[in-house]
>>> print(open('upload-v9.pdb').read())   # PDB, C-alpha atoms, pLDDT in the B column
ATOM      1  CA  ARG K   1     -57.116  99.004 132.661  1.00 86.00           C
ATOM      2  CA  VAL K   2     -53.340  99.165 132.255  1.00 90.00           C
ATOM      3  CA  ALA K   3     -51.405 102.262 131.174  1.00 91.00           C
ATOM      4  CA  ARG K   4     -49.680 101.651 127.837  1.00 91.00           C
ATOM      5  CA  ARG K   5     -47.238 104.518 128.395  1.00 94.00           C
ATOM      6  CA  THR K   6     -45.526 106.316 131.253  1.00 96.00           C
ATOM      7  CA  TYR K   7     -46.845 109.884 131.633  1.00 95.00           C
ATOM      8  CA  GLY K   8     -45.262 112.737 133.552  1.00 95.00           C
ATOM      9  CA  ILE K   9     -43.869 116.244 133.408  1.00 95.00           C
ATOM     10  CA  GLY K  10     -40.450 117.797 132.987  1.00 94.00           C
ATOM     11  CA  CYS K  11     -39.110 119.652 136.025  1.00 93.00           C
ATOM     12  CA  ARG K  12     -36.180 119.992 138.402  1.00 92.00           C
ATOM     13  CA  THR K  13     -36.005 117.548 141.314  1.00 93.00           C
ATOM     14  CA  MET K  14     -33.666 117.022 144.245  1.00 95.00           C
ATOM     15  CA  PHE K  15     -30.386 115.654 142.890  1.00 97.00           C
ATOM     16  CA  ASN K  16     -29.598 112.036 143.797  1.00 97.00           C
ATOM     17  CA  GLU K  17     -26.132 110.919 142.663  1.00 96.00           C
ATOM     18  CA  ASP K  18     -27.280 107.277 142.517  1.00 97.00           C
ATOM     19  CA  ARG K  19     -30.115 108.148 140.124  1.00 96.00           C
ATOM     20  CA  HIS K  20     -29.257 111.288 138.122  1.00 97.00           C
ATOM     21  CA  LYS K  21     -26.592 111.987 135.510  1.00 96.00           C
ATOM     22  CA  ALA K  22     -23.737 114.130 136.865  1.00 97.00           C
ATOM     23  CA  GLU K  23     -24.098 116.627 134.004  1.00 97.00           C
ATOM     24  CA  LYS K  24     -27.710 117.328 135.091  1.00 96.00           C
ATOM     25  CA  ARG K  25     -26.608 118.510 138.553  1.00 97.00           C
ATOM     26  CA  LEU K  26     -27.103 122.223 139.256  1.00 95.00           C
ATOM     27  CA  PHE K  27     -26.926 124.309 142.401  1.00 95.00           C
ATOM     28  CA  ASP K  28     -30.023 126.221 143.477  1.00 92.00           C
ATOM     29  CA  SER K  29     -28.587 129.215 145.339  1.00 91.00           C
ATOM     30  CA  ASN K  30     -32.059 130.267 146.561  1.00 87.00           C
ATOM     31  CA  ARG K  31     -32.636 126.989 148.394  1.00 88.00           C
ATOM     32  CA  GLN K  32     -28.958 126.068 148.924  1.00 93.00           C
ATOM     33  CA  VAL K  33     -29.467 122.565 147.460  1.00 94.00           C
ATOM     34  CA  TYR K  34     -28.434 120.615 144.379  1.00 96.00           C
ATOM     35  CA  LEU K  35     -31.159 119.888 141.842  1.00 95.00           C
ATOM     36  CA  ALA K  36     -31.325 117.620 138.807  1.00 95.00           C
ATOM     37  CA  ALA K  37     -32.246 119.473 135.621  1.00 94.00           C
ATOM     38  CA  ASP K  38     -34.497 117.991 132.931  1.00 94.00           C
ATOM     39  CA  SER K  39     -36.012 115.414 135.265  1.00 95.00           C
ATOM     40  CA  PHE K  40     -39.025 113.291 134.315  1.00 96.00           C
ATOM     41  CA  SER K  41     -41.521 113.461 137.188  1.00 96.00           C
ATOM     42  CA  VAL K  42     -43.758 110.396 136.736  1.00 97.00           C
ATOM     43  CA  PHE K  43     -47.519 110.546 137.305  1.00 96.00           C
ATOM     44  CA  VAL K  44     -48.177 106.988 136.091  1.00 96.00           C
ATOM     45  CA  ASN K  45     -45.793 104.292 134.818  1.00 97.00           C
ATOM     46  CA  ALA K  46     -46.344 102.057 131.807  1.00 96.00           C
ATOM     47  CA  ASN K  47     -48.029  98.785 132.801  1.00 95.00           C
ATOM     48  CA  ASP K  48     -49.486 100.289 135.994  1.00 95.00           C
ATOM     49  CA  SER K  49     -53.146  99.629 136.697  1.00 94.00           C
ATOM     50  CA  ILE K  50     -55.158 102.841 136.457  1.00 92.00           C
ATOM     51  CA  ALA K  51     -58.875 103.285 136.946  1.00 93.00           C
ATOM     52  CA  CYS K  52     -60.976 105.173 134.447  1.00 91.00           C
ATOM     53  CA  ASP K  53     -61.463 108.711 135.783  1.00 93.00           C
ATOM     54  CA  GLN K  54     -58.559 108.315 138.231  1.00 95.00           C
ATOM     55  CA  GLU K  55     -56.824 111.597 139.079  1.00 96.00           C
ATOM     56  CA  ILE K  56     -53.226 111.955 140.270  1.00 96.00           C
ATOM     57  CA  THR K  57     -52.134 115.217 141.921  1.00 96.00           C
ATOM     58  CA  LYS K  58     -48.690 116.741 142.488  1.00 95.00           C
ATOM     59  CA  SER K  59     -47.494 120.102 143.720  1.00 94.00           C
ATOM     60  CA  CYS K  60     -44.606 122.063 142.181  1.00 93.00           C
ATOM     61  CA  ASN K  61     -42.870 125.169 143.499  1.00 92.00           C
ATOM     62  CA  VAL K  62     -41.543 128.156 141.600  1.00 92.00           C
ATOM     63  CA  ALA K  63     -37.836 127.960 140.775  1.00 89.00           C
ATOM     64  CA  LYS K  64     -37.192 131.680 141.369  1.00 90.00           C
ATOM     65  CA  ALA K  65     -38.580 134.161 143.915  1.00 91.00           C
ATOM     66  CA  ASP K  66     -39.661 136.620 141.201  1.00 93.00           C
ATOM     67  CA  GLN K  67     -41.034 134.006 138.781  1.00 92.00           C
ATOM     68  CA  GLU K  68     -44.233 135.228 137.091  1.00 92.00           C
ATOM     69  CA  TYR K  69     -45.446 131.952 135.580  1.00 90.00           C
ATOM     70  CA  MET K  70     -44.708 128.226 135.307  1.00 91.00           C
ATOM     71  CA  THR K  71     -44.698 126.155 132.152  1.00 90.00           C
ATOM     72  CA  PHE K  72     -45.361 122.435 132.408  1.00 90.00           C
ATOM     73  CA  SER K  73     -44.501 120.134 129.547  1.00 91.00           C
ATOM     74  CA  VAL K  74     -46.164 116.718 129.603  1.00 92.00           C
ATOM     75  CA  TYR K  75     -44.117 113.781 128.292  1.00 94.00           C
ATOM     76  CA  SER K  76     -44.659 110.087 127.690  1.00 95.00           C
ATOM     77  CA  CYS K  77     -42.581 107.005 126.929  1.00 96.00           C
ATOM     78  CA  ARG K  78     -43.065 103.256 126.726  1.00 96.00           C
ATOM     79  CA  HIS K  79     -40.599 102.315 129.495  1.00 96.00           C
ATOM     80  CA  ARG K  80     -41.025 102.492 133.270  1.00 96.00           C
ATOM     81  CA  ASP K  81     -39.289 104.906 135.625  1.00 95.00           C
ATOM     82  CA  PRO K  82     -37.621 107.343 133.214  1.00 98.00           C
ATOM     83  CA  VAL K  83     -35.176 109.693 134.929  1.00 97.00           C
ATOM     84  CA  HIS K  84     -34.275 112.424 132.408  1.00 97.00           C
ATOM     85  CA  LEU K  85     -36.105 113.928 129.435  1.00 96.00           C
ATOM     86  CA  ASP K  86     -33.270 113.129 127.012  1.00 96.00           C
ATOM     87  CA  GLU K  87     -33.678 109.344 127.322  1.00 96.00           C
ATOM     88  CA  ASP K  88     -34.582 107.369 124.198  1.00 96.00           C
ATOM     89  CA  GLY K  89     -38.275 107.129 123.410  1.00 96.00           C
ATOM     90  CA  ILE K  90     -39.468 110.104 125.476  1.00 96.00           C
ATOM     91  CA  ARG K  91     -41.765 112.366 123.507  1.00 94.00           C
ATOM     92  CA  PRO K  92     -43.585 115.604 124.274  1.00 92.00           C
ATOM     93  CA  GLU K  93     -47.371 115.372 124.526  1.00 90.00           C
ATOM     94  CA  GLY K  94     -48.425 118.922 125.382  1.00 87.00           C
ATOM     95  CA  THR K  95     -47.623 122.081 127.299  1.00 88.00           C
ATOM     96  CA  LEU K  96     -49.537 124.335 129.651  1.00 88.00           C
ATOM     97  CA  ARG K  97     -48.578 127.566 131.427  1.00 88.00           C
ATOM     98  CA  VAL K  98     -50.051 129.163 134.515  1.00 90.00           C
ATOM     99  CA  ALA K  99     -49.380 132.552 136.123  1.00 91.00           C
ATOM    100  CA  THR K 100     -47.754 132.552 139.577  1.00 92.00           C
ATOM    101  CA  PRO K 101     -48.819 135.869 141.150  1.00 92.00           C
ATOM    102  CA  GLY K 102     -46.850 137.353 144.021  1.00 92.00           C
ATOM    103  CA  THR K 103     -43.208 136.827 144.963  1.00 93.00           C
ATOM    104  CA  GLY K 104     -41.189 134.398 147.049  1.00 93.00           C
ATOM    105  CA  LEU K 105     -40.152 130.764 146.845  1.00 91.00           C
ATOM    106  CA  GLY K 106     -43.155 129.453 148.805  1.00 89.00           C
ATOM    107  CA  ARG K 107     -45.537 129.764 145.854  1.00 93.00           C
ATOM    108  CA  SER K 108     -46.730 126.558 144.260  1.00 93.00           C
ATOM    109  CA  VAL K 109     -48.954 125.202 141.527  1.00 94.00           C
ATOM    110  CA  THR K 110     -51.074 122.075 141.880  1.00 95.00           C
ATOM    111  CA  LEU K 111     -51.032 119.749 138.875  1.00 94.00           C
ATOM    112  CA  LYS K 112     -53.802 117.233 138.314  1.00 95.00           C
ATOM    113  CA  MET K 113     -53.575 114.496 135.712  1.00 94.00           C
ATOM    114  CA  HIS K 114     -57.010 112.966 135.098  1.00 94.00           C
ATOM    115  CA  PHE K 115     -57.145 109.686 133.149  1.00 92.00           C
ATOM    116  CA  GLY K 116     -60.454 109.475 131.266  1.00 88.00           C
ATOM    117  CA  ARG K 117     -61.620 106.858 128.790  1.00 81.00           C
ATOM    118  CA  THR K 118     -59.824 108.153 125.687  1.00 83.00           C
ATOM    119  CA  GLN K 119     -57.874 111.171 126.882  1.00 87.00           C
ATOM    120  CA  ILE K 120     -55.808 112.597 129.699  1.00 90.00           C
ATOM    121  CA  THR K 121     -56.710 116.015 131.067  1.00 91.00           C
ATOM    122  CA  VAL K 122     -53.892 117.910 132.757  1.00 92.00           C
ATOM    123  CA  THR K 123     -54.882 120.886 134.904  1.00 92.00           C
ATOM    124  CA  ALA K 124     -52.552 123.398 136.592  1.00 92.00           C
ATOM    125  CA  ILE K 125     -54.048 125.504 139.397  1.00 93.00           C
ATOM    126  CA  ASN K 126     -52.164 128.386 141.017  1.00 92.00           C
ATOM    127  CA  GLN K 127     -52.664 129.564 144.612  1.00 90.00           C
ATOM    128  CA  GLY K 128     -55.128 132.232 143.423  1.00 89.00           C
ATOM    129  CA  GLY K 129     -57.397 129.534 141.963  1.00 90.00           C
ATOM    130  CA  GLU K 130     -56.679 130.373 138.316  1.00 88.00           C
ATOM    131  CA  GLN K 131     -56.247 127.310 136.147  1.00 87.00           C
ATOM    132  CA  VAL K 132     -55.051 126.131 132.763  1.00 86.00           C
ATOM    133  CA  GLU K 133     -56.066 122.826 131.226  1.00 83.00           C
ATOM    134  CA  THR K 134     -54.838 120.737 128.307  1.00 81.00           C
ATOM    135  CA  LYS K 135     -56.359 117.551 126.899  1.00 81.00           C
ATOM    136  CA  LEU K 136     -54.151 114.792 125.476  1.00 75.00           C
ATOM    137  CA  GLN K 137     -55.360 111.869 123.436  1.00 65.00           C
ATOM    138  CA  PHE K 138     -53.975 108.521 124.594  1.00 54.00           C
ATOM    139  CA  ALA K 139     -50.918 107.381 122.625  1.00 49.00           C
ATOM    140  CA  THR K 140     -50.813 110.417 120.333  1.00 41.00           C
ATOM    141  CA  THR K 141     -48.890 113.701 120.209  1.00 39.00           C
ATOM    142  CA  ASP K 142     -51.967 115.854 119.496  1.00 38.00           C
ATOM    143  CA  ALA K 143     -52.921 118.334 122.225  1.00 40.00           C
ATOM    144  CA  SER K 144     -55.207 121.321 122.476  1.00 39.00           C
ATOM    145  CA  THR K 145     -54.944 123.940 125.193  1.00 40.00           C
ATOM    146  CA  THR K 146     -57.661 126.005 126.841  1.00 37.00           C
ATOM    147  CA  THR K 147     -57.279 128.582 129.586  1.00 35.00           C
ATOM    148  CA  GLY K 148     -59.379 129.532 132.562  1.00 36.00           C
ATOM    149  CA  SER K 149     -60.653 133.094 132.818  1.00 28.00           C
ATOM    150  CA  GLY K 150     -58.103 135.827 133.458  1.00 27.00           C
ATOM    151  CA  LEU K 151     -55.016 133.751 132.670  1.00 27.00           C
ATOM    152  CA  VAL K 152     -52.262 135.106 130.481  1.00 29.00           C
ATOM    153  CA  LEU K 153     -50.090 132.576 128.669  1.00 30.00           C
ATOM    154  CA  LEU K 154     -46.426 133.554 128.835  1.00 33.00           C
ATOM    155  CA  PRO K 155     -43.071 132.112 127.656  1.00 37.00           C
ATOM    156  CA  PRO K 156     -41.578 129.078 129.517  1.00 43.00           C
ATOM    157  CA  GLN K 157     -40.296 129.063 133.110  1.00 50.00           C
ATOM    158  CA  THR K 158     -39.034 126.099 135.134  1.00 60.00           C
ATOM    159  CA  ALA K 159     -40.762 124.324 138.022  1.00 67.00           C
ATOM    160  CA  VAL K 160     -39.266 122.483 140.991  1.00 70.00           C
ATOM    161  CA  CYS K 161     -41.213 119.322 141.848  1.00 68.00           C
TER     162      CYS K 161
END
>>> encode(input="upload-v9.pdb", output="structure tokens")
Amino acid sequence: RVARRTYGIGCRTMFNEDRHKAEKRLFDSNRQVYLAADSFSVFVNANDSIACDQEITKSCNVAKADQEYMTFSVYSCRHRDPVHLDEDGIRPEGTLRVATPGTGLGRSVTLKMHFGRTQITVTAINQGGEQVETKLQFATTDASTTTGSGLVLLPPQTAVC
């Protein structure tokens, strides 16, 4: 089947002056690099072929050494290769948060986007094995969130992907 929409998450990515808007450039003093804020990290593009039950995995790092959790917002749009979340037609589909125990910049969360028959399941798994999952219906803004055992949902924090 063919994806009708582009699906991805919002995060910070390495800044590329040929791709990103200048006003989105920010300096990460922890890593000593420039990042692009409000980036759209694509899991699948509109019009891409995707198998039923296909799963796409990405890893994201904490933005700060003392960060206690990460919040991932899932977005979609009808066009291919979106760059920033403020582009026309990009809409939020759901949000999930996962605790990031410990300290340091080396901590990461694995994100899995599973494309089923009528819904997308997005799962975030921290290094301790705790996970949060949200299910999104194709081409709709409805989302319901469930948490794995022992997880505490907290206010938003940024991820670097």
>>> residues_around(input="upload-v9.pdb", residues="K:Asn45", least_positions_apart="3", cutoff="10 Å", atoms="all atoms listed in the file", output="list in words")
Val2, Ala3, Arg4, Arg5, Thr6, Tyr7, Gly8, Val42, Asp48, Ser49, Ile50, Ser76, Cys77, Arg78, His79, Arg80, Asp81 and Pro82 of chain K
>>> closest_residue(input="upload-v9.pdb", among="K:Tyr34, K:Glu130, K:Thr71, K:Val160", to="K:Arg12", atoms="all atoms listed in the file")
K:Val160
>>> residues_around(input="upload-v9.pdb", residues="K:Phe27", least_positions_apart="6", cutoff="10 Å", atoms="only C-alpha atoms", output="compact mmCIF listing (two decimals) with C-alpha atoms, in the coordinates of the input")
# COMPACT_ATOMS: atom_id res chain seq x y z
CA PHE K 15 -30.39 115.65 142.89
CA VAL K 33 -29.47 122.56 147.46
CA TYR K 34 -28.43 120.62 144.38
CA LEU K 35 -31.16 119.89 141.84
CA ALA K 36 -31.32 117.62 138.81
CA ALA K 37 -32.25 119.47 135.62
>>> atom_distance(input="upload-v9.pdb", atom1="atom CA of K:Glu87", atom2="atom CA of K:Asn16")
17.2 Å
>>> atom_distance(input="upload-v9.pdb", atom1="atom CA of K:Ile90", atom2="atom CA of K:Ile56")
20.3 Å
>>> atom_distance(input="upload-v9.pdb", atom1="atom CA of K:Leu136", atom2="atom CA of K:Asp38")
21.3 Å
>>> residues_around(input="upload-v9.pdb", residues="K:Val122", least_positions_apart="5", cutoff="9 Å", atoms="only C-alpha atoms", output="PyMOL selection string")
chain K and resi 74+96+111-115+132-136
>>> closest_residue(input="upload-v9.pdb", among="K:His84, K:Arg91, K:Lys21, K:Lys64", to="K:Arg107", atoms="only C-alpha atoms")
K:Lys64
>>> closest_residue(input="upload-v9.pdb", among="K:Val109, K:Leu85, K:Ile125, K:Ile120", to="K:Asp53", atoms="all atoms listed in the file")
K:Ile120
>>> build_atoms(input="upload-v9.pdb", residues="stretch 97-120 of chain K", atoms="N, CA, C and O atoms", output="mmCIF file, in the frame of the given file")
data_model
loop_
_atom_site.group_PDB
_atom_site.id
_atom_site.type_symbol
_atom_site.label_atom_id
_atom_site.label_comp_id
_atom_site.auth_asym_id
_atom_site.auth_seq_id
_atom_site.Cartn_x
_atom_site.Cartn_y
_atom_site.Cartn_z
ATOM 1 N N ARG K 97 -49.231 126.530 130.628
ATOM 2 C CA ARG K 97 -48.578 127.566 131.427
ATOM 3 C C ARG K 97 -49.597 128.208 132.348
ATOM 4 O O ARG K 97 -50.730 128.431 131.948
ATOM 5 N N VAL K 98 -49.159 128.520 133.557
ATOM 6 C CA VAL K 98 -50.051 129.163 134.515
ATOM 7 C C VAL K 98 -49.295 130.290 135.214
ATOM 8 O O VAL K 98 -48.108 130.154 135.521
ATOM 9 N N ALA K 99 -49.974 131.414 135.426
ATOM 10 C CA ALA K 99 -49.380 132.552 136.123
ATOM 11 C C ALA K 99 -49.134 132.186 137.581
ATOM 12 O O ALA K 99 -49.873 131.403 138.171
ATOM 13 N N THR K 100 -48.067 132.762 138.171
ATOM 14 C CA THR K 100 -47.754 132.552 139.577
ATOM 15 C C THR K 100 -47.655 133.927 140.244
ATOM 16 O O THR K 100 -46.574 134.462 140.442
ATOM 17 N N PRO K 101 -48.813 134.522 140.582
ATOM 18 C CA PRO K 101 -48.819 135.869 141.150
ATOM 19 C C PRO K 101 -48.073 135.941 142.484
ATOM 20 O O PRO K 101 -47.982 134.956 143.204
ATOM 21 N N GLY K 102 -47.562 137.126 142.773
ATOM 22 C CA GLY K 102 -46.850 137.353 144.021
ATOM 23 C C GLY K 102 -45.361 137.139 143.853
ATOM 24 O O GLY K 102 -44.849 137.019 142.740
ATOM 25 N N THR K 103 -44.641 137.076 144.972
ATOM 26 C CA THR K 103 -43.208 136.827 144.963
ATOM 27 C C THR K 103 -42.866 135.862 146.080
ATOM 28 O O THR K 103 -43.672 135.621 146.977
ATOM 29 N N GLY K 104 -41.668 135.312 146.021
ATOM 30 C CA GLY K 104 -41.189 134.398 147.049
ATOM 31 C C GLY K 104 -41.141 132.969 146.557
ATOM 32 O O GLY K 104 -41.795 132.595 145.581
ATOM 33 N N LEU K 105 -40.347 132.158 147.243
ATOM 34 C CA LEU K 105 -40.152 130.764 146.845
ATOM 35 C C LEU K 105 -41.262 129.835 147.345
ATOM 36 O O LEU K 105 -41.352 128.707 146.916
ATOM 37 N N GLY K 106 -42.108 130.303 148.236
ATOM 38 C CA GLY K 106 -43.155 129.453 148.805
ATOM 39 C C GLY K 106 -44.364 129.257 147.912
ATOM 40 O O GLY K 106 -45.284 128.532 148.264
ATOM 41 N N ARG K 107 -44.377 129.886 146.744
ATOM 42 C CA ARG K 107 -45.537 129.764 145.854
ATOM 43 C C ARG K 107 -45.495 128.431 145.106
ATOM 44 O O ARG K 107 -44.442 127.957 144.723
ATOM 45 N N SER K 108 -46.665 127.859 144.929
ATOM 46 C CA SER K 108 -46.730 126.558 144.260
ATOM 47 C C SER K 108 -47.904 126.505 143.296
ATOM 48 O O SER K 108 -48.790 127.349 143.321
ATOM 49 N N VAL K 109 -47.871 125.499 142.461
ATOM 50 C CA VAL K 109 -48.954 125.202 141.527
ATOM 51 C C VAL K 109 -49.317 123.736 141.725
ATOM 52 O O VAL K 109 -48.434 122.881 141.856
ATOM 53 N N THR K 110 -50.595 123.451 141.781
ATOM 54 C CA THR K 110 -51.074 122.075 141.880
ATOM 55 C C THR K 110 -51.348 121.560 140.473
ATOM 56 O O THR K 110 -52.033 122.217 139.694
ATOM 57 N N LEU K 111 -50.792 120.403 140.168
ATOM 58 C CA LEU K 111 -51.032 119.749 138.875
ATOM 59 C C LEU K 111 -51.898 118.531 139.093
ATOM 60 O O LEU K 111 -51.640 117.727 139.989
ATOM 61 N N LYS K 112 -52.926 118.400 138.254
ATOM 62 C CA LYS K 112 -53.802 117.233 138.314
ATOM 63 C C LYS K 112 -53.796 116.564 136.953
ATOM 64 O O LYS K 112 -54.029 117.215 135.934
ATOM 65 N N MET K 113 -53.522 115.277 136.943
ATOM 66 C CA MET K 113 -53.575 114.496 135.712
ATOM 67 C C MET K 113 -54.750 113.529 135.851
ATOM 68 O O MET K 113 -54.746 112.658 136.722
ATOM 69 N N HIS K 114 -55.777 113.738 135.036
ATOM 70 C CA HIS K 114 -57.010 112.966 135.098
ATOM 71 C C HIS K 114 -57.039 112.005 133.908
ATOM 72 O O HIS K 114 -56.949 112.433 132.756
ATOM 73 N N PHE K 115 -57.158 110.714 134.185
ATOM 74 C CA PHE K 115 -57.145 109.686 133.149
ATOM 75 C C PHE K 115 -58.575 109.274 132.824
ATOM 76 O O PHE K 115 -59.205 108.527 133.567
ATOM 77 N N GLY K 116 -59.108 109.807 131.714
ATOM 78 C CA GLY K 116 -60.454 109.475 131.266
ATOM 79 C C GLY K 116 -60.439 108.238 130.387
ATOM 80 O O GLY K 116 -59.465 107.493 130.347
ATOM 81 N N ARG K 117 -61.515 108.044 129.654
ATOM 82 C CA ARG K 117 -61.620 106.858 128.790
ATOM 83 C C ARG K 117 -60.675 106.921 127.590
ATOM 84 O O ARG K 117 -60.004 105.955 127.275
ATOM 85 N N THR K 118 -60.637 108.057 126.906
ATOM 86 C CA THR K 118 -59.824 108.153 125.687
ATOM 87 C C THR K 118 -58.832 109.297 125.725
ATOM 88 O O THR K 118 -58.101 109.511 124.775
ATOM 89 N N GLN K 119 -58.808 110.059 126.812
ATOM 90 C CA GLN K 119 -57.874 111.171 126.882
ATOM 91 C C GLN K 119 -57.428 111.418 128.317
ATOM 92 O O GLN K 119 -58.045 110.962 129.264
ATOM 93 N N ILE K 120 -56.331 112.154 128.413
ATOM 94 C CA ILE K 120 -55.808 112.597 129.699
ATOM 95 C C ILE K 120 -56.032 114.097 129.755
ATOM 96 O O ILE K 120 -55.722 114.811 128.806
#
